[in-house]
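Quick look at start_33.txt (compact mmCIF, C-alpha atoms):
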# COMPACT_ATOMS: atom_id res chain seq x y z
CA MET A 1 0.00 0.00 0.00
CA GLU A 2 1.29 3.41 -0.94
CA SER A 3 1.90 5.80 1.92
CA GLN A 4 0.96 9.46 2.03
CA SER A 5 4.55 10.47 2.86
CA THR A 6 4.69 13.53 0.66
CA ALA A 7 2.52 16.60 0.67
CA ARG A 8 0.38 17.28 -2.38
CA PRO A 9 1.57 20.34 -4.32
CA ARG A 10 -1.02 23.12 -4.53
CA PHE A 11 -1.34 22.88 -8.29
CA ALA A 12 -2.22 19.18 -7.96
CA LEU A 13 -5.47 20.21 -6.27
CA ILE A 14 -6.29 22.33 -9.32
CA CYS A 15 -5.40 19.41 -11.60
CA ALA A 16 -7.64 17.13 -9.52
CA ILE A 17 -10.61 19.51 -9.71
CA VAL A 18 -10.14 20.01 -13.46
CA ALA A 19 -9.90 16.23 -13.99
CA VAL A 20 -13.07 15.44 -12.03
CA LEU A 21 -15.13 18.25 -13.58
CA PHE A 22 -13.85 17.43 -17.07
CA GLY A 23 -14.65 13.77 -16.46
CA LEU A 24 -18.18 14.44 -15.26
CA MET A 25 -18.90 16.73 -18.21
CA THR A 26 -17.50 14.10 -20.58
CA ILE A 27 -19.63 11.32 -19.08
CA ILE A 28 -22.79 13.43 -19.19
CA SER A 29 -22.32 14.75 -22.72
CA GLY A 30 -21.11 11.46 -24.19
CA GLY A 31 -23.78 9.46 -22.36
CA ALA A 32 -26.51 11.79 -23.61
CA ILE A 33 -25.48 11.21 -27.21
CA LEU A 34 -24.92 7.47 -26.83
CA PHE A 35 -27.99 6.61 -24.80
CA ALA A 36 -30.58 9.40 -25.09
CA GLY A 37 -30.79 9.59 -28.86
CA GLY A 38 -33.40 11.90 -30.38
CA ALA A 39 -32.51 15.57 -30.28
CA MET A 40 -29.12 14.89 -28.69
CA LEU A 41 -28.18 12.50 -31.48
CA GLU A 42 -29.29 15.08 -34.03
CA PHE A 43 -27.26 17.76 -32.23
CA ALA A 44 -24.18 15.52 -32.33
CA GLY A 45 -24.27 15.54 -36.12
CA ASP A 46 -21.52 13.60 -37.89
CA TYR A 47 -19.87 12.21 -34.79
CA VAL A 48 -17.21 9.51 -35.11
CA PRO A 49 -18.36 6.50 -33.05
CA PHE A 50 -14.93 5.25 -31.88
CA VAL A 51 -13.99 8.76 -30.71
CA LEU A 52 -17.29 9.20 -28.88
CA TRP A 53 -17.07 5.80 -27.16
CA PHE A 54 -13.43 6.37 -26.18
CA ASN A 55 -14.20 9.79 -24.71
CA PHE A 56 -17.24 8.48 -22.82
CA ILE A 57 -15.28 5.60 -21.26
CA ALA A 58 -12.26 7.85 -20.63
CA GLY A 59 -14.53 10.21 -18.67
CA PHE A 60 -14.71 7.61 -15.90
CA ALA A 61 -10.90 7.37 -15.90
CA TYR A 62 -10.73 11.18 -15.65
CA VAL A 63 -12.79 11.08 -12.46
CA VAL A 64 -10.70 8.27 -10.95
CA ALA A 65 -7.48 10.10 -11.86
CA GLY A 66 -8.83 13.30 -10.32
CA VAL A 67 -9.62 11.58 -7.03
CA GLY A 68 -6.17 9.96 -7.04
CA LEU A 69 -4.49 13.30 -7.72
CA TYR A 70 -6.45 14.86 -4.87
CA LEU A 71 -5.09 12.11 -2.61
CA TRP A 72 -1.68 12.54 -4.31
CA ARG A 73 -1.19 8.89 -5.20
CA GLY A 74 1.51 7.72 -7.60
CA TRP A 75 -0.93 5.53 -9.54
CA ALA A 76 -2.98 8.64 -10.39
CA ILE A 77 0.05 10.22 -12.04
CA ASN A 78 0.57 7.05 -14.07
CA LEU A 79 -3.14 7.01 -14.96
CA SER A 80 -2.93 10.66 -16.07
CA LEU A 81 -0.01 9.82 -18.37
CA LEU A 82 -1.91 6.80 -19.71
CA ILE A 83 -4.96 8.97 -20.41
CA ALA A 84 -2.77 11.49 -22.26
CA PHE A 85 -1.10 8.75 -24.33
CA SER A 86 -4.40 7.00 -25.10
CA THR A 87 -6.03 10.27 -26.12
CA LEU A 88 -3.18 10.97 -28.53
CA ILE A 89 -3.58 7.51 -30.08
CA VAL A 90 -7.33 8.05 -30.56
CA PHE A 91 -6.59 11.53 -31.92
CA ALA A 92 -4.21 9.96 -34.47
CA GLY A 93 -6.94 7.48 -35.43
CA PHE A 94 -9.35 10.38 -35.81
CA GLY A 95 -6.81 12.09 -38.08
CA ILE A 96 -6.57 8.96 -40.22
CA HIS A 97 -10.37 8.85 -40.36
CA ILE A 98 -10.42 12.44 -41.66
CA LEU A 99 -7.60 11.83 -44.18
CA ASN A 100 -9.51 8.84 -45.54
CA GLY A 101 -12.48 11.10 -46.28
CA GLY A 102 -14.55 10.14 -43.25
CA VAL A 103 -17.27 12.53 -42.13
CA TYR A 104 -16.80 14.33 -38.84
CA GLU A 105 -17.88 17.34 -36.85
CA PRO A 106 -15.23 20.10 -36.87
CA ARG A 107 -15.87 20.71 -33.15
CA THR A 108 -14.57 17.17 -32.53
CA LEU A 109 -11.17 18.31 -33.77
CA GLY A 110 -11.18 21.19 -31.28
CA ALA A 111 -12.36 18.90 -28.49
CA MET A 112 -9.55 16.43 -29.15
CA VAL A 113 -6.98 19.24 -29.13
CA LEU A 114 -8.40 20.40 -25.78
CA ARG A 115 -8.47 16.87 -24.29
CA SER A 116 -4.94 16.15 -25.43
CA GLY A 117 -3.65 19.45 -24.10
CA VAL A 118 -5.35 19.07 -20.72
CA TRP A 119 -4.07 15.53 -20.12
CA ILE A 120 -0.56 16.15 -21.43
CA THR A 121 -0.36 19.13 -19.08
CA ILE A 122 -1.76 17.28 -16.07
CA GLY A 123 0.43 14.25 -16.71
CA TRP A 124 3.59 16.24 -17.27
CA LEU A 125 3.14 18.61 -14.31
CA THR A 126 2.29 15.87 -11.85
CA TYR A 127 5.05 13.57 -13.12
CA LYS A 128 7.64 16.33 -12.72
CA ALA A 129 6.38 17.22 -9.24
CA ARG A 130 6.42 13.59 -8.09
CA LYS A 131 9.89 13.05 -9.55
CA LYS A 132 11.18 16.15 -7.75
CA THR A 133 9.61 15.02 -4.46
CA ILE A 134 11.13 11.55 -4.72
CA HIS A 135 14.52 13.07 -5.54
CA LYS A 136 14.36 15.26 -2.39
CA MET A 137 13.49 12.23 -0.26
CA THR A 138 16.41 10.14 -1.60
CA PRO A 139 19.45 10.22 0.71
CA ASP A 140 22.50 12.01 -0.75
CA ILE A 141 24.62 8.88 -0.59
CA ILE A 142 22.24 7.07 -2.97
CA ARG A 143 22.02 10.00 -5.42
CA LYS A 144 25.83 10.10 -5.91
Output the file's structure in the form of structure tokens.
Amino acid sequence: MESQSTARPRFALICAIVAVLFGLMTIISGGAILFAGGAMLEFAGDYVPFVLWFNFIAGFAYVVAGVGLYLWRGWAINLSLLIAFSTLIVFAGFGIHILNGGVYEPRTLGAMVLRSGVWITIGWLTYKARKKTIHKMTPDIIRK
């Protein structure tokens, strides 16, 4: 079991709040399109199913990562990096879909840029902070 031996940096609280809110909004909006149908489905327009399903499922991971970041757990930093990496892979697939002449909503492109940027930033900032904290806790004799 991982101990709470290091204090959470202040910015990690902001990252946690952003992650949870972003996750909840993603679950609600994606779920409405996937399960409500009707007007929501019409509003979604030319959505790309694999992108929508990925984002909906990832929304749950966003919430879990946010809670873990609030508690300042190492696994949450790893999860944040995994979310960033996975989002970039789906973004690449979306790009291939577009290049192959697939229909899409232009706002999806903007949303994927935003998602990628948010999770790359959260992952990078928290990784750097955790690495710095671990380095400070390592005895000098081991660092040499």
A straight line from CA of Gly30 (chain A) to CA of Phe60 (chain A) spans 11.2 Å
**Prompt:** In terms of the shortest atom-to-atom distance over all atoms listed in the file, which of A:Leu21, A:Ala129, A:Ile120, A:Ala111 is closest to Gly66 (chain A)?
**Reply:**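 Smallest distance to Gly66 (chain A) is found for A:Leu21.
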Counting all atoms listed in the file, the residue among A:Val18, A:Val48, A:Ala7, A:Ala32 that lies closest to Pro106 (chain A) is A:Val48
So, with only C-alpha atoms as the atoms that count, which of A:Val20, A:Leu109, A:Leu71, A:Met40 lies closest to Gly59 (chain A)?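 Distance minimum relative to Gly59 (chain A) lands on A:Val20.
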query = Neighbours of region 74-82 of chain A within 7 Å (only C-alpha atoms; same-chain residues fewer than 3 positions away dropped), as a ChimeraX atom specification?
reply = /A:65,68-69,85-86,119,122-123,126-127
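Proximity to Gly23 (chain A) was assessed for A:Leu52, A:Ala58, A:Ala39, A:Leu88 counting all atoms listed in the file; the smallest distance is recorded for A:Ala58.
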Residues at most 12 Å from Asn55 (chain A), counting only C-alpha atoms, excluding those fewer than 3 positions away in the same chain, as a ChimeraX atom specification? /A:22-31,33-34,47-52,58-62,83-84,86-88,90-91,108,111-112,115-116
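When CA of Lys128 (chain A) is paired with CA of Ala92 (chain A), their separation reads 25.6 Å.
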Pairwise distance for CA of Ala44 (chain A) and CA of Gly110 (chain A), rounded to one decimal in Å
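Going from CA of Ala44 (chain A) over to CA of Gly110 (chain A), I get 14.2 Å.
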Given all atoms listed in the file as the basis, pick out the residue of A:Phe54, A:Tyr104, A:Phe11, A:Tyr70 nearest to Ile89 (chain A).
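Closest residue, counting all atoms listed in the file: A:Phe54.
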Centre, x/y/z edge lengths, axis-aligned box for region 84-87 of chain A with 5 Å per side, as AutoDock Vina command-line options:
--center_x -3.6 --center_y 9.2 --center_z -24.2 --size_x 14.9 --size_y 14.5 --size_z 13.9
For region 73-144 of chain A of the block above, can you save C-alpha atoms as an mmCIF file, in the first residue's frame?
data_model
loop_
_atom_site.group_PDB
_atom_site.id
_atom_site.type_symbol
_atom_site.label_atom_id
_atom_site.label_comp_id
_atom_site.auth_asym_id
_atom_site.auth_seq_id
_atom_site.Cartn_x
_atom_site.Cartn_y
_atom_site.Cartn_z
ATOM 1 C CA ARG A 73 -1.186 8.895 -5.202
ATOM 2 C CA GLY A 74 1.509 7.724 -7.602
ATOM 3 C CA TRP A 75 -0.926 5.535 -9.544
ATOM 4 C CA ALA A 76 -2.977 8.641 -10.389
ATOM 5 C CA ILE A 77 0.049 10.222 -12.044
ATOM 6 C CA ASN A 78 0.567 7.055 -14.074
ATOM 7 C CA LEU A 79 -3.136 7.010 -14.964
ATOM 8 C CA SER A 80 -2.926 10.655 -16.073
ATOM 9 C CA LEU A 81 -0.010 9.818 -18.368
ATOM 10 C CA LEU A 82 -1.913 6.796 -19.710
ATOM 11 C CA ILE A 83 -4.965 8.974 -20.409
ATOM 12 C CA ALA A 84 -2.768 11.490 -22.264
ATOM 13 C CA PHE A 85 -1.103 8.755 -24.327
ATOM 14 C CA SER A 86 -4.405 7.002 -25.105
ATOM 15 C CA THR A 87 -6.025 10.275 -26.115
ATOM 16 C CA LEU A 88 -3.180 10.971 -28.531
ATOM 17 C CA ILE A 89 -3.580 7.507 -30.076
ATOM 18 C CA VAL A 90 -7.329 8.046 -30.563
ATOM 19 C CA PHE A 91 -6.586 11.528 -31.921
ATOM 20 C CA ALA A 92 -4.213 9.957 -34.465
ATOM 21 C CA GLY A 93 -6.938 7.478 -35.430
ATOM 22 C CA PHE A 94 -9.348 10.379 -35.808
ATOM 23 C CA GLY A 95 -6.814 12.095 -38.083
ATOM 24 C CA ILE A 96 -6.567 8.960 -40.222
ATOM 25 C CA HIS A 97 -10.373 8.847 -40.365
ATOM 26 C CA ILE A 98 -10.416 12.443 -41.660
ATOM 27 C CA LEU A 99 -7.600 11.835 -44.182
ATOM 28 C CA ASN A 100 -9.511 8.837 -45.539
ATOM 29 C CA GLY A 101 -12.477 11.102 -46.280
ATOM 30 C CA GLY A 102 -14.554 10.139 -43.247
ATOM 31 C CA VAL A 103 -17.270 12.531 -42.135
ATOM 32 C CA TYR A 104 -16.799 14.331 -38.835
ATOM 33 C CA GLU A 105 -17.877 17.338 -36.847
ATOM 34 C CA PRO A 106 -15.232 20.104 -36.868
ATOM 35 C CA ARG A 107 -15.872 20.707 -33.153
ATOM 36 C CA THR A 108 -14.567 17.173 -32.526
ATOM 37 C CA LEU A 109 -11.171 18.315 -33.767
ATOM 38 C CA GLY A 110 -11.183 21.189 -31.277
ATOM 39 C CA ALA A 111 -12.360 18.901 -28.489
ATOM 40 C CA MET A 112 -9.546 16.429 -29.151
ATOM 41 C CA VAL A 113 -6.976 19.236 -29.130
ATOM 42 C CA LEU A 114 -8.396 20.397 -25.777
ATOM 43 C CA ARG A 115 -8.472 16.870 -24.287
ATOM 44 C CA SER A 116 -4.939 16.148 -25.429
ATOM 45 C CA GLY A 117 -3.651 19.453 -24.099
ATOM 46 C CA VAL A 118 -5.349 19.067 -20.720
ATOM 47 C CA TRP A 119 -4.071 15.535 -20.116
ATOM 48 C CA ILE A 120 -0.563 16.145 -21.432
ATOM 49 C CA THR A 121 -0.357 19.132 -19.082
ATOM 50 C CA ILE A 122 -1.764 17.277 -16.065
ATOM 51 C CA GLY A 123 0.427 14.248 -16.713
ATOM 52 C CA TRP A 124 3.594 16.237 -17.272
ATOM 53 C CA LEU A 125 3.139 18.610 -14.312
ATOM 54 C CA THR A 126 2.290 15.869 -11.846
ATOM 55 C CA TYR A 127 5.046 13.573 -13.116
ATOM 56 C CA LYS A 128 7.635 16.335 -12.716
ATOM 57 C CA ALA A 129 6.375 17.219 -9.237
ATOM 58 C CA ARG A 130 6.415 13.588 -8.091
ATOM 59 C CA LYS A 131 9.890 13.055 -9.547
ATOM 60 C CA LYS A 132 11.182 16.153 -7.748
ATOM 61 C CA THR A 133 9.606 15.021 -4.458
ATOM 62 C CA ILE A 134 11.126 11.551 -4.717
ATOM 63 C CA HIS A 135 14.525 13.074 -5.541
ATOM 64 C CA LYS A 136 14.363 15.255 -2.395
ATOM 65 C CA MET A 137 13.493 12.232 -0.255
ATOM 66 C CA THR A 138 16.407 10.136 -1.595
ATOM 67 C CA PRO A 139 19.454 10.218 0.711
ATOM 68 C CA ASP A 140 22.495 12.009 -0.751
ATOM 69 C CA ILE A 141 24.623 8.877 -0.594
ATOM 70 C CA ILE A 142 22.241 7.072 -2.973
ATOM 71 C CA ARG A 143 22.019 10.001 -5.424
ATOM 72 C CA LYS A 144 25.829 10.102 -5.912
#
